[in-house]
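Have a look at target_33.txt; it's compact mmCIF, C-alpha atoms and all ligand atoms:
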# COMPACT_ATOMS: atom_id res chain seq x y z
CA MET A 339 20.44 -5.00 7.66
CA HIS A 340 21.52 -6.82 10.81
CA GLU A 341 19.12 -8.23 13.37
CA LEU A 342 18.41 -6.26 16.49
CA GLY A 343 17.86 -7.47 20.03
CA ARG A 344 14.39 -8.85 20.82
CA LEU A 345 12.18 -8.10 23.79
CA GLU A 346 12.59 -11.73 24.90
CA ASP A 347 16.36 -11.17 25.13
CA LEU A 348 15.83 -8.79 28.02
CA PRO A 349 15.27 -9.87 31.65
CA PRO A 350 11.49 -9.78 32.31
CA ASP A 351 11.93 -7.86 35.55
CA TYR A 352 13.84 -5.17 33.63
CA VAL A 353 11.03 -4.85 31.06
CA ASP A 354 8.47 -4.74 33.91
CA GLU A 355 10.39 -2.02 35.68
CA LEU A 356 10.53 0.03 32.47
CA ARG A 357 6.80 -0.41 31.85
CA LYS A 358 5.88 0.73 35.37
CA LEU A 359 7.58 4.02 34.50
CA ASN A 360 5.82 4.18 31.08
CA LEU A 361 9.05 3.39 29.27
CA VAL A 362 9.72 0.90 26.45
CA PRO A 363 12.94 -0.05 24.63
CA LEU A 364 13.01 1.04 20.98
CA TRP A 365 15.30 -1.60 19.45
CA PRO A 366 12.87 -4.58 19.54
CA SER A 367 10.38 -2.52 17.48
CA LEU A 368 12.73 -0.44 15.33
CA ARG A 369 12.54 -2.64 12.21
CA ALA A 370 8.73 -2.83 12.45
CA VAL A 371 8.28 0.96 12.51
CA LEU A 372 11.03 1.53 9.91
CA PRO A 373 10.87 -1.46 7.54
CA PRO A 374 13.75 -1.66 5.05
CA GLY A 375 13.26 -0.03 1.62
CA LYS A 376 9.49 0.44 1.60
CA PRO A 377 6.54 0.50 3.96
CA ARG A 378 4.43 -2.60 4.63
CA PRO A 379 0.96 -1.24 3.99
CA ASN A 380 -2.08 -2.78 5.66
CA THR A 381 -4.09 -1.51 2.70
CA LYS A 382 -4.91 -4.53 0.50
CA PRO A 383 -5.99 -4.23 -3.12
CA THR A 384 -9.78 -4.53 -2.64
CA PHE A 385 -12.73 -4.56 -5.03
CA TRP A 386 -16.36 -3.65 -4.34
CA SER A 387 -18.98 -4.65 -6.89
CA TYR A 388 -21.90 -2.24 -7.19
CA GLN A 389 -24.17 -4.95 -8.51
CA ALA A 390 -23.42 -7.03 -5.40
CA LEU A 391 -23.78 -4.22 -2.86
CA ARG A 392 -26.78 -2.43 -4.38
CA PRO A 393 -29.47 -4.89 -3.20
CA LEU A 394 -27.96 -4.79 0.30
CA LEU A 395 -28.03 -1.00 0.29
CA MET A 396 -31.69 -1.05 -0.85
CA ARG A 397 -32.39 -3.51 1.95
CA ALA A 398 -30.87 -1.04 4.41
CA GLY A 399 -33.48 1.39 3.06
CA GLU A 400 -36.20 -1.02 4.21
CA LEU A 401 -34.56 -2.04 7.47
CA THR A 402 -33.42 1.31 8.81
CA PRO A 403 -35.43 4.52 8.58
CA MET A 404 -33.56 7.79 8.18
CA GLN A 405 -34.25 8.81 11.79
CA LYS A 406 -32.32 5.73 12.93
CA ALA A 407 -29.41 6.22 10.54
CA GLU A 408 -28.91 9.97 9.96
CA ARG A 409 -26.70 8.85 7.08
CA ARG A 410 -27.70 5.51 5.54
CA VAL A 411 -24.37 4.16 4.40
CA LEU A 412 -22.69 0.85 3.73
CA VAL A 413 -18.99 1.38 4.33
CA LEU A 414 -16.51 0.01 1.78
CA ALA A 415 -14.01 -1.36 4.27
CA ASN A 416 -10.55 -2.69 3.48
CA PRO A 417 -10.05 -6.06 5.20
CA GLY A 418 -6.34 -5.28 5.57
CA HIS A 419 -7.24 -2.57 8.08
CA GLY A 420 -9.90 -4.65 9.88
CA LEU A 421 -13.45 -4.17 8.61
CA ASP A 422 -14.64 -2.42 11.77
CA ASN A 423 -12.05 0.32 11.40
CA MET A 424 -13.91 1.58 8.30
CA LYS A 425 -10.84 2.43 6.24
CA ALA A 426 -10.29 1.98 2.52
CA SER A 427 -6.68 3.08 3.11
CA ALA A 428 -4.77 4.70 5.96
CA ALA A 429 -6.32 8.10 5.22
CA MET A 430 -9.40 7.31 3.10
CA TYR A 431 -12.92 6.28 4.07
CA LEU A 432 -15.42 5.13 1.40
CA GLY A 433 -19.14 4.57 1.75
CA MET A 434 -22.17 4.06 -0.47
CA GLN A 435 -25.02 6.23 0.76
CA LEU A 436 -28.71 5.77 -0.05
CA LEU A 437 -31.34 8.50 0.07
CA LEU A 438 -34.93 7.57 -0.78
CA PRO A 439 -37.51 9.91 -2.32
CA GLY A 440 -38.77 12.42 0.24
CA GLU A 441 -36.06 11.67 2.77
CA TRP A 442 -33.91 14.27 4.44
CA ALA A 443 -30.50 13.76 6.05
CA PRO A 444 -30.22 16.50 8.70
CA SER A 445 -27.71 19.32 8.69
CA HIS A 446 -24.39 18.93 10.42
CA ARG A 447 -20.79 19.98 10.07
CA HIS A 448 -17.65 18.17 11.04
CA THR A 449 -13.89 18.31 10.89
CA PRO A 450 -13.29 15.51 8.33
CA ASN A 451 -13.51 16.64 4.69
CA ALA A 452 -15.94 14.77 2.45
CA VAL A 453 -16.83 14.56 -1.22
CA ARG A 454 -19.70 12.77 -2.90
CA MET A 455 -19.50 11.12 -6.33
CA ILE A 456 -23.07 10.55 -7.51
CA VAL A 457 -23.67 6.97 -8.64
CA GLU A 458 -27.34 6.76 -9.60
CA GLY A 459 -30.68 8.54 -9.47
CA GLU A 460 -31.97 12.05 -10.04
CA GLY A 461 -33.75 14.61 -7.88
CA ALA A 462 -31.57 14.62 -4.77
CA TYR A 463 -29.47 17.55 -3.67
CA THR A 464 -26.97 18.49 -1.00
CA THR A 465 -27.06 21.92 0.56
CA VAL A 466 -23.51 22.92 1.46
CA ASP A 467 -22.81 26.21 3.22
CA GLY A 468 -26.22 27.49 2.01
CA GLU A 469 -25.60 26.44 -1.60
CA LYS A 470 -28.04 23.94 -3.07
CA CYS A 471 -26.08 21.43 -5.16
CA PRO A 472 -28.20 19.20 -7.42
CA MET A 473 -26.95 15.62 -7.71
CA SER A 474 -26.63 13.82 -11.05
CA ARG A 475 -24.61 10.79 -12.04
CA GLY A 476 -20.88 11.57 -12.07
CA ASP A 477 -21.16 14.95 -10.35
CA LEU A 478 -18.59 15.64 -7.63
CA ILE A 479 -19.82 17.64 -4.64
CA LEU A 480 -17.50 18.87 -1.89
CA THR A 481 -18.39 19.13 1.76
CA PRO A 482 -15.10 20.48 3.12
CA SER A 483 -14.15 20.56 6.78
CA GLY A 484 -16.41 22.79 8.87
CA LEU A 485 -19.12 23.53 6.27
CA TRP A 486 -22.78 22.79 7.08
CA HIS A 487 -24.31 20.13 4.85
CA GLU A 488 -27.60 18.26 4.56
CA HIS A 489 -29.15 16.06 1.89
CA GLY A 490 -32.70 16.18 0.47
CA HIS A 491 -34.54 14.30 -2.26
CA ASP A 492 -37.44 15.66 -4.39
CA GLY A 493 -37.28 12.88 -7.00
CA THR A 494 -39.03 9.55 -7.41
CA GLU A 495 -36.20 6.96 -7.50
CA PRO A 496 -33.53 6.00 -4.96
CA VAL A 497 -30.37 8.10 -5.16
CA VAL A 498 -26.99 6.58 -4.32
CA TRP A 499 -23.63 8.23 -4.04
CA LEU A 500 -20.07 7.32 -3.08
CA ASP A 501 -18.78 9.25 -0.06
CA VAL A 502 -15.02 9.78 0.16
CA LEU A 503 -13.74 11.20 3.44
CA ASP A 504 -10.37 11.70 5.12
CA LEU A 505 -12.03 10.42 8.29
CA PRO A 506 -9.38 7.76 9.14
CA LEU A 507 -6.67 10.41 9.24
CA VAL A 508 -8.71 13.05 11.06
CA TYR A 509 -9.87 10.42 13.57
CA TYR A 510 -6.29 9.15 14.06
CA MET A 511 -5.23 12.71 14.84
CA GLU A 512 -7.96 12.84 17.55
CA THR A 513 -9.52 15.80 15.77
CA SER A 514 -12.76 14.22 14.54
CA TYR A 515 -16.08 15.61 15.77
CA ALA A 516 -19.43 16.85 14.45
CA ILE A 517 -21.94 19.55 15.37
CA GLU A 518 -25.64 19.15 14.61
CA GLY A 519 -27.46 22.07 13.07
CA LYS A 520 -30.83 23.17 11.77
CA ARG A 521 -32.11 23.29 8.24
CA GLN A 522 -30.05 25.74 6.21
CA ASP A 523 -31.44 28.73 4.35
CA VAL A 524 -30.56 28.39 0.70
CA LYS A 525 -28.62 31.29 -0.83
CA PRO A 526 -29.01 32.12 -4.51
CA GLU A 527 -25.28 32.10 -5.41
CA ARG A 528 -23.82 28.97 -6.97
CA GLY A 529 -20.11 28.35 -7.41
CA ASP A 530 -20.64 25.91 -10.28
CA VAL A 531 -22.39 28.72 -12.18
CA ALA A 532 -19.92 31.50 -11.23
CA TYR A 533 -16.91 29.31 -12.09
CA ALA A 534 -18.40 27.48 -15.07
CA ARG A 535 -15.69 28.53 -17.59
CA GLY A 536 -12.07 27.44 -17.24
CA GLY A 537 -9.63 30.27 -16.59
CA ILE A 538 -12.35 32.86 -15.99
CA VAL A 539 -13.20 33.80 -12.41
CA PRO A 540 -15.59 36.34 -10.88
CA THR A 541 -13.90 39.65 -9.96
CA PRO A 542 -16.31 41.98 -8.17
CA VAL A 543 -14.61 45.43 -8.07
CA PHE A 544 -11.16 44.01 -8.88
CA THR A 545 -10.95 41.83 -5.81
CA ARG A 546 -11.12 38.08 -6.00
CA ALA A 547 -13.32 35.95 -3.80
CA ASP A 548 -11.71 35.06 -0.49
CA LYS A 549 -13.87 32.03 0.24
CA PRO A 550 -11.64 29.05 0.93
CA TYR A 551 -13.98 26.80 -1.09
CA PRO A 552 -15.47 28.90 -3.90
CA MET A 553 -16.69 25.91 -5.92
CA LEU A 554 -18.60 23.09 -4.25
CA ARG A 555 -20.14 21.25 -7.22
CA TYR A 556 -18.24 19.92 -10.24
CA PRO A 557 -20.83 18.78 -12.81
CA TRP A 558 -19.97 15.59 -14.68
CA VAL A 559 -21.03 17.13 -18.01
CA GLU A 560 -18.14 19.61 -17.63
CA ALA A 561 -15.49 17.09 -16.51
CA ARG A 562 -16.53 14.65 -19.23
CA ALA A 563 -16.42 17.35 -21.92
CA ALA A 564 -12.98 18.45 -20.65
CA LEU A 565 -11.63 14.89 -20.92
CA LEU A 566 -13.00 14.39 -24.44
CA ALA A 567 -11.56 17.74 -25.55
CA LEU A 568 -8.19 16.95 -23.95
CA GLY A 569 -8.11 13.54 -25.62
CA THR A 570 -8.75 15.14 -29.01
CA ASP A 571 -6.27 17.97 -28.44
CA ARG A 572 -3.48 15.58 -27.39
CA PRO A 573 -3.90 12.42 -29.45
CA GLY A 574 -0.43 11.15 -28.47
CA GLN A 575 -0.96 11.57 -24.74
CA ASP A 576 -1.41 8.41 -22.69
CA CYS A 577 -2.82 9.80 -19.50
CA VAL A 578 -5.94 11.82 -20.32
CA GLN A 579 -6.68 13.05 -16.83
CA VAL A 580 -8.09 16.15 -15.15
CA SER A 581 -7.87 17.25 -11.53
CA TYR A 582 -10.64 18.76 -9.46
CA VAL A 583 -9.11 22.02 -8.25
CA ASN A 584 -10.02 25.16 -6.38
CA PRO A 585 -10.65 27.60 -9.27
CA GLU A 586 -9.34 30.58 -7.26
CA THR A 587 -6.00 29.07 -6.26
CA GLY A 588 -5.44 26.26 -8.75
CA GLY A 589 -4.61 24.09 -5.72
CA TYR A 590 -6.34 20.88 -4.73
CA ALA A 591 -10.09 21.13 -4.21
CA GLU A 592 -9.66 19.94 -0.61
CA ASN A 593 -6.69 19.93 1.76
CA ILE A 594 -6.07 16.26 2.42
CA LEU A 595 -7.34 14.07 -0.43
CA GLY A 596 -6.97 14.62 -4.19
CA PHE A 597 -9.70 14.01 -6.78
CA TYR A 598 -9.29 13.35 -10.51
CA ALA A 599 -11.20 12.08 -13.53
CA LEU A 600 -9.43 9.88 -16.06
CA MET A 601 -10.46 8.88 -19.57
CA LEU A 602 -9.17 5.60 -20.96
CA ARG A 603 -9.24 5.60 -24.74
CA PRO A 604 -10.94 2.65 -26.45
CA GLY A 605 -8.78 -0.43 -25.85
CA GLN A 606 -6.14 1.58 -23.98
CA THR A 607 -3.84 0.08 -21.34
CA LEU A 608 -2.44 2.68 -18.94
CA ARG A 609 0.41 1.91 -16.55
CA LEU A 610 0.50 4.18 -13.52
CA PRO A 611 3.85 4.30 -11.70
CA ALA A 612 4.19 3.31 -8.04
CA ARG A 613 3.60 6.37 -5.84
CA SER A 614 3.52 6.75 -2.09
CA PRO A 615 -0.22 7.62 -1.78
CA ALA A 616 -2.95 4.98 -1.81
CA SER A 617 -5.63 5.43 -4.51
CA VAL A 618 -9.27 4.63 -5.14
CA PHE A 619 -10.72 3.97 -8.60
CA HIS A 620 -14.45 4.22 -9.32
CA VAL A 621 -15.88 3.69 -12.81
CA ILE A 622 -18.27 6.43 -13.89
CA GLU A 623 -18.83 5.17 -17.44
CA GLY A 624 -17.67 2.12 -19.35
CA GLY A 625 -15.50 -0.67 -17.99
CA ALA A 626 -11.93 -1.00 -16.73
CA ALA A 627 -9.73 -3.94 -15.82
CA ALA A 628 -7.32 -3.10 -12.99
CA GLU A 629 -4.15 -4.95 -12.05
CA ILE A 630 -2.84 -4.09 -8.60
CA ASP A 631 -0.03 -6.05 -6.98
CA GLY A 632 -0.80 -9.20 -8.99
CA GLN A 633 -4.55 -8.96 -8.32
CA HIS A 634 -6.97 -8.52 -11.21
CA PHE A 635 -10.29 -6.72 -10.86
CA ASN A 636 -12.83 -6.27 -13.60
CA LEU A 637 -14.66 -3.03 -12.93
CA ALA A 638 -18.04 -2.41 -14.51
CA GLU A 639 -19.95 0.85 -14.18
CA ALA A 640 -20.23 2.02 -10.54
CA ASP A 641 -17.66 -0.52 -9.29
CA THR A 642 -14.88 0.64 -7.00
CA CYS A 643 -11.45 -0.65 -6.02
CA CYS A 644 -8.49 0.59 -4.02
CA ALA A 645 -4.73 0.25 -4.33
CA PRO A 646 -2.12 0.64 -1.59
CA GLY A 647 0.67 3.18 -2.00
CA TYR A 648 4.10 2.23 -3.39
CA THR A 649 2.36 -0.10 -5.86
CA PRO A 650 2.13 0.27 -9.65
CA VAL A 651 -1.40 0.07 -11.07
CA THR A 652 -2.38 -0.95 -14.59
CA LEU A 653 -5.78 0.10 -15.95
CA ARG A 654 -7.18 -1.25 -19.20
CA ASN A 655 -10.29 -0.10 -21.00
CA THR A 656 -12.29 -3.29 -21.60
CA SER A 657 -14.11 -1.73 -24.56
CA ALA A 658 -12.44 -1.56 -27.98
CA ASP A 659 -14.70 1.18 -29.31
CA GLN A 660 -15.87 3.35 -26.39
CA PRO A 661 -13.87 5.48 -23.96
CA SER A 662 -14.22 4.68 -20.27
CA PHE A 663 -14.25 7.24 -17.49
CA VAL A 664 -12.80 6.66 -14.03
CA PHE A 665 -13.05 8.81 -10.91
CA ILE A 666 -9.89 8.67 -8.79
CA ALA A 667 -9.35 9.73 -5.19
CA ASP A 668 -5.92 9.63 -3.56
CA GLU A 669 -3.79 10.86 -0.67
CA THR A 670 -1.47 13.06 -2.77
CA PRO A 671 -2.21 16.47 -1.16
CA LEU A 672 -1.58 14.95 2.26
CA HIS A 673 1.68 13.30 1.21
CA LYS A 674 2.91 16.46 -0.54
CA LYS A 675 2.09 18.67 2.44
CA LEU A 676 3.84 16.28 4.78
CA GLY A 677 6.88 15.96 2.51
CA VAL A 678 6.58 12.16 2.13
CA PHE A 679 5.32 12.07 -1.47
CA GLU A 680 7.36 9.78 -3.75
CA THR A 681 7.12 8.31 -7.23
CA ARG A 682 9.08 5.15 -7.98
CA GLU A 683 9.75 3.54 -11.33
C1 LIG A 701 -21.07 12.20 6.78
O1 LIG A 701 -21.24 13.39 7.36
C2 LIG A 701 -21.76 11.89 5.63
O2 LIG A 701 -22.81 14.00 5.48
C3 LIG A 701 -21.56 10.67 5.04
O3 LIG A 701 -23.42 12.46 4.12
C4 LIG A 701 -20.69 9.75 5.56
C5 LIG A 701 -19.14 9.12 7.28
C6 LIG A 701 -18.49 9.39 8.42
C7 LIG A 701 -18.63 10.60 9.04
C8 LIG A 701 -19.48 11.55 8.53
C9 LIG A 701 -22.74 12.86 5.04
C10 LIG A 701 -20.00 10.04 6.73
C11 LIG A 701 -20.18 11.28 7.35
Turn this file's structure into structure tokens for me.
Ligand code: 1HN
Amino acid sequence: MHELGRLEDLPPDYVDELRKLNLVPLWPSLRAVLPPGKPRPNTKPTFWSYQALRPLLMRAGELTPMQKAERRVLVLANPGHGLDNMKASAAMYLGMQLLLPGEWAPSHRHTPNAVRMIVEGEGAYTTVDGEKCPMSRGDLILTPSGLWHEHGHDGTEPVVWLDVLDLPLVYYMETSYAIEGKRQDVKPERGDVAYARGGIVPTPVFTRADKPYPMLRYPWVEARAALLALGTDRPGQDCVQVSYVNPETGGYAENILGFYALMLRPGQTLRLPARSPASVFHVIEGGAAAEIDGQHFNLAEADTCCAPGYTPVTLRNTSADQPSFVFIADETPLHKKLGVFETRE
């Protein structure tokens, strides 16, 4: 690929004249916006230790009351994007949120989609679109774009969860905003009850539900049982993985980011091919060693790391006799919808 003319090659008065008319020459920047062969991601392989961040999150609980935080979160920021930009990847935001017993995080709704992966503690709940979703370790709870949500806590111990949002993308598009609301009335219906059995969906008078998000809570007991059953059913299969989907459509649970749970068999090493979307790995149970672009991370329970797109990832179960369980978030739905999704070998 031959070299193109640089900005410095042009007479300064010419460049000034262009700029006064809000014009810029393309050729000095062409190779930067279209790098040869593959993108140059800002997303760096990054690791966040739960053991290291937990005391700092608890300290935030002492330093900042709920009224001064609304959401008490430490953001897991990728240094490759600049810490203050609060991105794990180009499209993904990650944060660890703390709710203390008796606290309440007020109702709001916003354009970015969110999910919560519960990390520790019992007794907290999120009310989403009038549906009260109890929080237990490993549960996945959706708060899709536009739905009211608030968090409460009737238990006795701190509750922590991992928030995953498509905020960087929605913000980049200049479409990010929130509306504050009042406490929601709780409705009796629960999607996790109505859709509790795979392949069987409610059909009142032969018409299917037309709610865009019929299921808001995916209990860990169900995902874990599905992975164990799948592993037993397919002993030769390397990638024992399930996707969190919309049970009415079979499509992704949310529009922009994809969510999955993976089981690594005892001692297993799993090589994931390079794909265009960036990914996030969070250990629900057990331990996993990750190799991403020559970097090695040793993930214990509740640890999180991220990988840029176009990069192969190797995951290894660090236990020889127990399975390990990993929650994965990625940008696949976005890439597929935009027609830029690729797998490379
Ligand atoms: C949000 O609404 C929550 O509702 C958590 O718990 C984190 C980060 C950025 C923007 C909105 C929540 C968030 C957020």
Selection near Ser474 in chain A, 8 Å with only C-alpha atoms, sequence-local residues under 4 positions removed, as a PDB file with C-alpha atoms, in the frame of the given file:
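Saved as selection25.pdb:
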ATOM      1  CA  ILE A 456     -23.070  10.550  -7.510  1.00  0.00           C
ATOM      2  CA  VAL A 457     -23.670   6.970  -8.640  1.00  0.00           C
ATOM      3  CA  GLU A 458     -27.340   6.760  -9.600  1.00  0.00           C
ATOM      4  CA  GLY A 459     -30.680   8.540  -9.470  1.00  0.00           C
ATOM      5  CA  GLU A 460     -31.970  12.050 -10.040  1.00  0.00           C
ATOM      6  CA  GLY A 461     -33.750  14.610  -7.880  1.00  0.00           C
ATOM      7  CA  PRO A 557     -20.830  18.780 -12.810  1.00  0.00           C
ATOM      8  CA  TRP A 558     -19.970  15.590 -14.680  1.00  0.00           C
TER       9      TRP A 558
END
Exercise on range 570-574 of chain A, axis-aligned box with 5 Å per side, report centre and edge lengths in Å to one decimal, as AutoDock Vina command-line options:
--center_x -4.6 --center_y 14.6 --center_z -28.4 --size_x 18.3 --size_y 16.8 --size_z 12.1
Rows by chain and residue number, chain A within 9 Å of ligand LIG 701 (chain A), shortest pair, all atoms listed in the file, as CSV:
residue,atom,partner,partner_atom,distance
A:Glu408,CA,A:LIG701,O3,8.4
A:Arg409,CA,A:LIG701,O3,5.7
A:Arg410,CA,A:LIG701,C3,8.0
A:Val411,CA,A:LIG701,C4,6.8
A:Val413,CA,A:LIG701,C5,8.3
A:Tyr431,CA,A:LIG701,C5,7.6
A:Leu432,CA,A:LIG701,C5,8.0
A:Gly433,CA,A:LIG701,C4,6.6
A:Met434,CA,A:LIG701,C4,8.4
A:Gln435,CA,A:LIG701,C3,7.1
A:Ala443,CA,A:LIG701,O3,7.5
A:Pro444,CA,A:LIG701,O2,8.5
A:Ser445,CA,A:LIG701,O2,7.9
A:His446,CA,A:LIG701,O1,7.1
A:Arg447,CA,A:LIG701,O1,7.1
A:His448,CA,A:LIG701,O1,7.0
A:Pro450,CA,A:LIG701,C7,7.3
A:Asn451,CA,A:LIG701,C8,8.7
A:Ala452,CA,A:LIG701,C1,7.2
A:Val453,CA,A:LIG701,O3,8.7
A:Arg454,CA,A:LIG701,O3,8.0
A:Thr464,CA,A:LIG701,O3,8.7
A:Thr481,CA,A:LIG701,O2,7.7
A:Trp486,CA,A:LIG701,O2,8.9
A:His487,CA,A:LIG701,O2,6.3
A:Glu488,CA,A:LIG701,O2,6.5
A:His489,CA,A:LIG701,O3,7.1
A:Leu500,CA,A:LIG701,C3,8.9
A:Asp501,CA,A:LIG701,C4,6.0
A:Val502,CA,A:LIG701,C4,7.8
A:Leu503,CA,A:LIG701,C5,6.9
A:Leu505,CA,A:LIG701,C6,6.5
A:Ser514,CA,A:LIG701,C7,8.8
A:Tyr515,CA,A:LIG701,C7,8.8
A:Ala516,CA,A:LIG701,C8,7.9
Could you check how far CA of Leu568 in chain A sits from CA of Val664 in chain A, in Å to one decimal?
-> 15.0 Å
Can you list every residue of range 597-680 of chain A that has an atom at most 7 Å from range 378-399 of chain A, with its nearest atom pair and the distance in Å to one decimal, using all atoms listed in the file, ordered by chain then number, as a Markdown table?
| residue | atom | partner | partner_atom | distance |
| --- | --- | --- | --- | --- |
| A:Ile630 | CA | A:Pro383 | CA | 6.3 |
| A:Phe635 | CA | A:Phe385 | CA | 6.7 |
| A:Ala640 | CA | A:Tyr388 | CA | 5.7 |
| A:Asp641 | CA | A:Ser387 | CA | 5.0 |
| A:Thr642 | CA | A:Trp386 | CA | 5.3 |
| A:Cys643 | CA | A:Phe385 | CA | 4.2 |
| A:Cys644 | CA | A:Thr384 | CA | 5.5 |
| A:Ala645 | CA | A:Pro383 | CA | 4.8 |
| A:Pro646 | CA | A:Thr381 | CA | 5.2 |
Ala428 in chain A proximity check over A:Leu602, A:Cys471, A:Ala415, A:Leu676, using all atoms listed in the file: winner is A:Ala415
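Among the candidate residues A:Pro506, A:Cys577, A:Arg555, A:Gly536, the one lying nearest to Thr607 in chain A is A:Cys577, with distances computed using only C-alpha atoms.
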